[in-house]
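Below is one structure, written out as structure tokens; comments come after it.
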Amino acid sequence: MSSPLLAVSGLTKRYRRGGKTIAAVDDISFHIEPGETLALAGPSGSGKSTIARLVLRLIEPDAGHIEFEGGDFLSLNGAALRARRARLQMVFQDPLAAFNPRAMVARVLDDPLRTHGVASRPERTRRIAALLERVGLSADLAARAIHEVSGGQRQRIAIARAIATKPSLIVLDEAVSALDVSVRRQILQLLLDLQRQERIAYLFISHDLGVISAIAHRVVILDAGRVAESGNARAVIGAPQSAIGKALVAAAPKLNRTSQGAADRQ
Amino acid sequence: MSPLRRFLLAPEAIAGAIILVALFAMALTASLFFPGDPQAIAGPALLPPFQDWSLPLGTDRLGRDVLAELFHGARTSLVVGLAAAAAALAVGAIVGTLAGFAGGLVDEVLMRITDAFQTVPSFLLALAFVSVVGPSLGVVVTAIALGAWTGPARVARAEVLSIRERDFVAGARVIGMHPLEIAFREVLPNALPAVLALSSVIVAAAILTEAALSFLGLGDPNRVTWGGMIAEGRAVLRTAPFLSIIPGVALVLTVLGVYLAGEGVVETTAVRRSLS
């Protein structure tokens with residue numbers, strides 16, 4: 001019997017504001033299988049991004065367990081945690097804010113390789129060129145500054161950076177929300193291709209149910225830090241049971257056409 | 001418009017730059033025009049300026065060439081001013097970055113130390129340090145830096161506090177980068193422009209502090225300093241006021257030049273940053 005890639009149980013994060021304690025994430029449990037895409041959907045403030053940051057250990061939970069690749073992820077610290085991070089990567093919403101404003105494309109891709117022990121410089125240069133080509137960009141782009149490339153190219157570079165250390169799970173926090181529609185489609189296709197070839201699992205965070213039904217296998221709908229409902233992505237989006245699920249579906253007018261696209265894909 | 005052109009279009013920045021260039025030229029050519037010891041006796045004592053063209057600015061109480069002393073003094077002022085400011089900015093940037101990035105106990109400890117240094121008047125601190133350790137160029141530089149690093153430390157910490165919340169820092173953590181590498185390679189370079197904006201004020205203050213220490217006889221005794229020259233001239237202030245006025249004017253012009261040129265640089269880079 002294979003254990004899930006990522007198993008989250010009872011995850012809770014509370015913030016104190018003006019004497020009152022608010023649970024941003026309240027007793028959330030879910031799991032992701034290898035090569036699977038799980039979407040987290042929900043309105044603003046429902047705790048989606050907080051969960052992403054908790055799973056990545058960017059912030060520490062108040063309660064709960066996170067198991068990643070069969071080990072307790074929350075007990076890791078220091079060098080052991082940093083080494084483990086190679087397997088769990090992230091792509092941010094704003095591809096400009098996600099990079100050091102002074103960086104060159106080559107350095108952005110060099111960082112994960114150097115950090116995770118690819119020692120020789122010529123080998124890293126070769127790997128950087130390969131990564132750029134992998135995400136559909138020209139290897140010449142390595143010599144450009146990060147602010148000189150377009151938004152779509154920048155998000156491809158962010159994906160190249162995320163796959164540089166051969167992760168088994170990538171957290172995509174609204175990774176396509178800031179892109180315009182034509183670029184969004186290309187990036188989603190790139191993510192699907194990478195998943196098919198490398199069996200990478202995605203934790204896909206979005207408020208856009210159209211995009212979710214195109215890419216996700218399962219969906220968890222959140223409301224105010226709690227799970228409202230979860231299940232097969234198309235089943236949930238096709239016939240939502242919870243009030244918040246119905247509201248989200250009603251707010252997505254282009255739903256029919258995109259779910260048709262998801263059907264074509266299979 | 002390029003920053004250089006914008007700099008060249010600001011008259012006060014030009015004035016500052018011209019003074020600074022002249023000062024550097026004086027410092028660099030001091031041993032070329034006035035080889036040998038500037039403290040050696042060159043002519044009759046207390047010769048007024050513009051009397052003898054081999055000694056254009058006259059001589060002091062012991063018959064030393066005032067112009068030679070002025071050139072060699074420029075060297076001391078610049079070396080001490082720049083070295084002390086560089087040391088203060090480096091220490092301040094490192095302490096501020098560590099405090100802001102680490103947070104918690106490290107932040108508390110470092111900032112309380114900064115408070116402690118800041119509550120002691122910096123000139124008193126320099127005075128005490130030089131009197132205890134003994135006057136030499138290195139000690140004077142250290143003494144001045146000791147009172148000047150707290151400003152840069154506070155600015156660096158404030159910048160780091162805002163930068164460390166940005167996505168690219170989270171991105172570096174997700175990559176698995178070592179926290180010290182994140183602090184000094186990702187965060188510090190982005191905090192640096194705000195810290196460097198202080199440099200003109202710090203250089204100017206360091207030059208003044210050095211002059212004040214020398215005036216009180218706590219400068220390096222083996223070097224000519226403008227402060228020392230003013231102190232020398234004080235004894236004959238009524239009969240030969242030029243001995244105090246000449247190095248005094250040099251000091252004023254230097255501080256003014258450093259400040260104007262520094263402000264010019266800050267202004268031009270600030271505009272560039274707000275545009276981008």
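Just so we're on the same page: first chain in the structure tokens is A, next is B, and so on; residues restart at 1 for each chain, and ligands are numbered from 1 in the order they show up.
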
Next on the checklist: Distance cut-off 10 Å, counting only C-alpha atoms - which residues of chain B neighbour chain A? Return them as a VMD selection string.
Outcome noted: chain B and resid 166 to 179 185 to 187 189 to 190

Filtering to C-alpha atoms, could you give me those residues as a tab-separated table (two decimals), in the first residue's frame?
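New file result_27.tsv:
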chain	number	residue	atom	x	y	z
B	166	ARG	CA	8.60	40.29	0.28
B	167	ASP	CA	7.92	37.26	-1.87
B	168	PHE	CA	11.44	36.88	-3.19
B	169	VAL	CA	12.75	36.32	0.33
B	170	ALA	CA	10.11	33.62	0.86
B	171	GLY	CA	11.21	32.25	-2.52
B	172	ALA	CA	14.82	32.03	-1.33
B	173	ARG	CA	13.67	30.14	1.78
B	174	VAL	CA	11.62	27.73	-0.32
B	175	ILE	CA	14.75	27.06	-2.40
B	176	GLY	CA	16.48	26.03	0.84
B	177	MET	CA	19.03	28.84	0.91
B	178	HIS	CA	20.94	29.33	4.16
B	179	PRO	CA	19.46	32.20	6.26
B	185	ARG	CA	23.01	38.18	-0.61
B	186	GLU	CA	19.28	38.74	-1.16
B	187	VAL	CA	18.19	41.30	1.44
B	189	PRO	CA	21.90	44.59	-1.41
B	190	ASN	CA	18.32	45.83	-1.65

Item to check | Exercise: Val130 (chain B) partners within 8 Å, only C-alpha atoms, chain neighbours under 6 positions left out, as a list in words | outcome: Val139, Val140, Ala143 and Leu218 of chain B

Can I get the selected residues back with N, CA and C atoms, as a short mmCIF file (atom, residue, chain, number, x, y, z; two decimals), in the first residue's frame?
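Listed below is the output, result.cif:
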data_model
loop_
_atom_site.label_atom_id
_atom_site.label_comp_id
_atom_site.auth_asym_id
_atom_site.auth_seq_id
_atom_site.Cartn_x
_atom_site.Cartn_y
_atom_site.Cartn_z
N VAL B 139 43.46 54.45 15.31
CA VAL B 139 42.64 54.64 16.51
C VAL B 139 41.62 55.76 16.29
N VAL B 140 42.07 56.84 15.64
CA VAL B 140 41.15 57.95 15.38
C VAL B 140 40.00 57.49 14.48
N ALA B 143 37.72 55.36 16.53
CA ALA B 143 36.99 56.17 17.51
C ALA B 143 35.81 56.89 16.86
N LEU B 218 44.45 65.42 20.24
CA LEU B 218 44.29 63.96 20.27
C LEU B 218 44.37 63.35 18.87
#

Item to check | Sel. of helix (DSSP H, G or I) residues, region 53-165 of chain A, as a PyMOL selection string | outcome: chain A and resi 53-55+78-87+105-115+121-134+139-143+146-148+151-163

Next on the checklist: When DSSP is applied to the backbone of this structure, which of region 33-261 of chain A are assigned strand (DSSP E)? Write them out as a PyMOL selection string.
Outcome noted: chain A and resi 37-41+63-68+71-72+88-91+169-173+201-205+218-223+226-232

Selection above as a file: N, CA and C atoms, as a compact mmCIF listing (two decimals), in the first residue's frame:
# COMPACT_ATOMS: atom_id res chain seq x y z
N THR A 37 -3.08 16.48 -8.97
CA THR A 37 -3.28 17.90 -8.71
C THR A 37 -4.48 18.08 -7.79
N LEU A 38 -4.20 18.67 -6.63
CA LEU A 38 -5.28 19.01 -5.72
C LEU A 38 -5.44 20.52 -5.73
N ALA A 39 -6.66 20.98 -5.96
CA ALA A 39 -6.89 22.41 -5.97
C ALA A 39 -7.47 22.84 -4.63
N LEU A 40 -7.02 24.01 -4.17
CA LEU A 40 -7.66 24.65 -3.01
C LEU A 40 -8.40 25.86 -3.55
N ALA A 41 -9.71 25.87 -3.40
CA ALA A 41 -10.49 27.00 -3.90
C ALA A 41 -11.19 27.67 -2.74
N ALA A 63 -1.25 24.04 15.35
CA ALA A 63 -1.54 22.64 15.62
C ALA A 63 -1.61 21.89 14.30
N GLY A 64 -1.50 20.57 14.37
CA GLY A 64 -1.65 19.76 13.18
C GLY A 64 -0.38 19.04 12.79
N HIS A 65 -0.52 18.15 11.80
CA HIS A 65 0.61 17.36 11.32
C HIS A 65 0.75 17.53 9.82
N ILE A 66 1.96 17.54 9.33
CA ILE A 66 2.21 17.51 7.89
C ILE A 66 3.19 16.37 7.64
N GLU A 67 2.75 15.40 6.85
CA GLU A 67 3.66 14.33 6.47
C GLU A 67 3.97 14.48 5.01
N PHE A 68 5.28 14.48 4.70
CA PHE A 68 5.69 14.66 3.30
C PHE A 68 6.67 13.56 2.95
N GLY A 71 7.68 11.19 5.77
CA GLY A 71 8.35 11.64 6.99
C GLY A 71 7.61 12.83 7.60
N ASP A 72 7.82 13.04 8.89
CA ASP A 72 7.19 14.17 9.57
C ASP A 72 7.89 15.46 9.14
N LEU A 88 10.07 20.03 -2.41
CA LEU A 88 8.79 20.72 -2.22
C LEU A 88 8.98 22.17 -2.61
N GLN A 89 8.51 22.53 -3.79
CA GLN A 89 8.78 23.86 -4.31
C GLN A 89 7.52 24.69 -4.45
N MET A 90 7.70 25.95 -4.84
CA MET A 90 6.56 26.85 -4.91
C MET A 90 6.70 27.80 -6.10
N VAL A 91 5.56 28.16 -6.67
CA VAL A 91 5.51 29.22 -7.68
C VAL A 91 4.55 30.29 -7.17
N LEU A 169 6.53 17.72 -5.39
CA LEU A 169 5.32 18.51 -5.19
C LEU A 169 5.65 19.99 -5.39
N ILE A 170 4.81 20.66 -6.17
CA ILE A 170 4.96 22.10 -6.32
C ILE A 170 3.68 22.78 -5.86
N VAL A 171 3.81 23.76 -4.98
CA VAL A 171 2.67 24.56 -4.55
C VAL A 171 2.55 25.74 -5.51
N LEU A 172 1.41 25.87 -6.15
CA LEU A 172 1.19 26.95 -7.10
C LEU A 172 0.17 27.90 -6.49
N ASP A 173 0.66 29.00 -5.93
CA ASP A 173 -0.22 29.93 -5.23
C ASP A 173 -0.72 30.99 -6.20
N ALA A 201 3.39 16.31 -8.42
CA ALA A 201 2.07 16.63 -7.88
C ALA A 201 1.97 18.15 -7.70
N TYR A 202 0.75 18.68 -7.85
CA TYR A 202 0.56 20.11 -7.63
C TYR A 202 -0.46 20.35 -6.52
N LEU A 203 -0.15 21.33 -5.68
CA LEU A 203 -1.18 21.89 -4.80
C LEU A 203 -1.52 23.23 -5.43
N PHE A 204 -2.68 23.25 -6.10
CA PHE A 204 -3.01 24.37 -6.98
C PHE A 204 -4.00 25.29 -6.28
N ILE A 205 -3.55 26.48 -5.95
CA ILE A 205 -4.41 27.40 -5.19
C ILE A 205 -4.96 28.45 -6.12
N ARG A 218 -8.72 16.74 -8.02
CA ARG A 218 -9.64 16.88 -6.90
C ARG A 218 -9.62 18.33 -6.43
N VAL A 219 -10.66 18.73 -5.74
CA VAL A 219 -10.72 20.10 -5.26
C VAL A 219 -11.19 20.10 -3.80
N VAL A 220 -10.63 21.02 -3.03
CA VAL A 220 -11.10 21.28 -1.67
C VAL A 220 -11.59 22.72 -1.65
N ILE A 221 -12.86 22.91 -1.30
CA ILE A 221 -13.39 24.27 -1.24
C ILE A 221 -13.38 24.73 0.20
N LEU A 222 -12.76 25.88 0.40
CA LEU A 222 -12.59 26.41 1.76
C LEU A 222 -13.52 27.57 2.00
N ASP A 223 -13.92 27.71 3.27
CA ASP A 223 -14.69 28.88 3.65
C ASP A 223 -14.28 29.27 5.06
N ARG A 226 -12.14 26.78 7.01
CA ARG A 226 -12.60 25.40 7.18
C ARG A 226 -12.92 24.79 5.82
N VAL A 227 -12.91 23.46 5.77
CA VAL A 227 -13.27 22.79 4.53
C VAL A 227 -14.80 22.83 4.39
N ALA A 228 -15.29 23.42 3.28
CA ALA A 228 -16.73 23.45 3.04
C ALA A 228 -17.16 22.16 2.34
N GLU A 229 -16.41 21.78 1.32
CA GLU A 229 -16.66 20.48 0.69
C GLU A 229 -15.43 20.09 -0.12
N SER A 230 -15.33 18.80 -0.46
CA SER A 230 -14.20 18.35 -1.25
C SER A 230 -14.60 17.13 -2.05
N GLY A 231 -13.81 16.83 -3.09
CA GLY A 231 -14.10 15.67 -3.91
C GLY A 231 -13.55 15.84 -5.30
N ASN A 232 -13.98 14.96 -6.21
CA ASN A 232 -13.57 15.04 -7.60
C ASN A 232 -13.87 16.44 -8.16

Next on the checklist: Just the number, please: distance in Å from CA of Gly136 (chain A) to CA of Arg156 (chain A), one decimal.
Outcome noted: 7.8 Å

Next on the checklist: Give me, as a list of chain:residue names, all polymer residues having an atom no more than 10 Å from Leu253 (chain B), counting only C-alpha atoms and skipping those fewer than 5 positions away in the same chain.
Outcome noted: B:Gly16, B:Ile19, B:Leu20, B:Leu23, B:Pro247, B:Gly248, B:Val258, B:Tyr259

Next on the checklist: Neighbouring residues of region 106-108 of chain B were defined as those with any atom within 12 Å, considering only C-alpha atoms; residues of the same chain fewer than 4 positions away were excluded. Please report them as an MDAnalysis selection string.
Outcome noted: chainID B and resid 95:102 112:115 153:154 157:158 160:161

Item to check | Nearest-residue call for Pro221 (chain B), choices B:Ser136, B:Thr59, B:Ser122, B:Thr29, using only C-alpha atoms | outcome: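 Once distances to Pro221 (chain B) are computed over only C-alpha atoms, the minimum belongs to B:Ser136.
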
Next on the checklist: Just want the 12 Å neighbourhood of Ala87 (chain B), counted on only C-alpha atoms, with same-chain residues fewer than 4 positions away dropped. Output as a list in words.
Outcome noted: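 Surrounding residues, per the criterion: Val79, Val80, Gly81, Leu82, Ala83, Val91, Gly92, Ala93, Ile94, Gly138, Val140, Val141, Thr142, Ala143, Ile144, Ala145, Leu146, Gly147, Ala148, Trp149, Thr150, Pro152, Ala153, Ser199, Ile202, Val203 and Ala206 of chain B.
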
For the residues in that selection, give me C-alpha atoms as a short mmCIF file (atom, residue, chain, number, x, y, z; two decimals), in the first residue's frame.
data_model
loop_
_atom_site.label_atom_id
_atom_site.label_comp_id
_atom_site.auth_asym_id
_atom_site.auth_seq_id
_atom_site.Cartn_x
_atom_site.Cartn_y
_atom_site.Cartn_z
CA VAL B 79 41.67 59.42 4.72
CA VAL B 80 40.10 59.70 8.16
CA GLY B 81 36.72 60.90 6.85
CA LEU B 82 36.37 58.20 4.21
CA ALA B 83 37.80 55.35 6.29
CA VAL B 91 29.35 47.81 10.64
CA GLY B 92 25.94 49.54 10.65
CA ALA B 93 24.72 47.67 7.58
CA ILE B 94 25.80 44.30 8.98
CA GLY B 138 43.84 53.80 13.02
CA VAL B 140 41.15 57.95 15.38
CA VAL B 141 39.30 56.20 12.55
CA THR B 142 37.98 53.55 14.94
CA ALA B 143 36.99 56.17 17.51
CA ILE B 144 34.95 58.12 14.97
CA ALA B 145 33.34 55.00 13.49
CA LEU B 146 32.38 53.91 17.01
CA GLY B 147 30.00 56.86 17.33
CA ALA B 148 28.75 56.86 13.73
CA TRP B 149 27.59 53.28 12.99
CA THR B 150 24.29 53.50 14.90
CA PRO B 152 23.24 53.26 9.40
CA ALA B 153 22.32 50.30 11.65
CA SER B 199 27.21 58.47 3.66
CA ILE B 202 28.65 60.67 7.93
CA VAL B 203 31.77 61.59 5.95
CA ALA B 206 33.75 62.33 10.51
#

Within 8 Å of Thr76 (chain B), counting only C-alpha atoms, which residues qualify if same-chain residues fewer than 6 places away don't, as an mmCIF file with N, CA and C atoms, in the first residue's frame?
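What ended up in selection31.cif:
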data_model
loop_
_atom_site.group_PDB
_atom_site.id
_atom_site.type_symbol
_atom_site.label_atom_id
_atom_site.label_comp_id
_atom_site.auth_asym_id
_atom_site.auth_seq_id
_atom_site.Cartn_x
_atom_site.Cartn_y
_atom_site.Cartn_z
ATOM 1 N N ARG B 223 51.192 63.395 11.961
ATOM 2 C CA ARG B 223 50.574 63.879 10.732
ATOM 3 C C ARG B 223 50.097 65.308 10.903
ATOM 4 N N VAL B 224 50.148 66.058 9.809
ATOM 5 C CA VAL B 224 49.576 67.398 9.831
ATOM 6 C C VAL B 224 48.069 67.254 9.706
ATOM 7 N N THR B 225 47.332 67.946 10.545
ATOM 8 C CA THR B 225 45.878 67.948 10.409
ATOM 9 C C THR B 225 45.388 69.380 10.484
#

Checklist entry - In Å, how far is it from CA of Ile200 (chain A) to CA of Ala252 (chain A)? => result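 Interatomic distance here is 27.7 Å.
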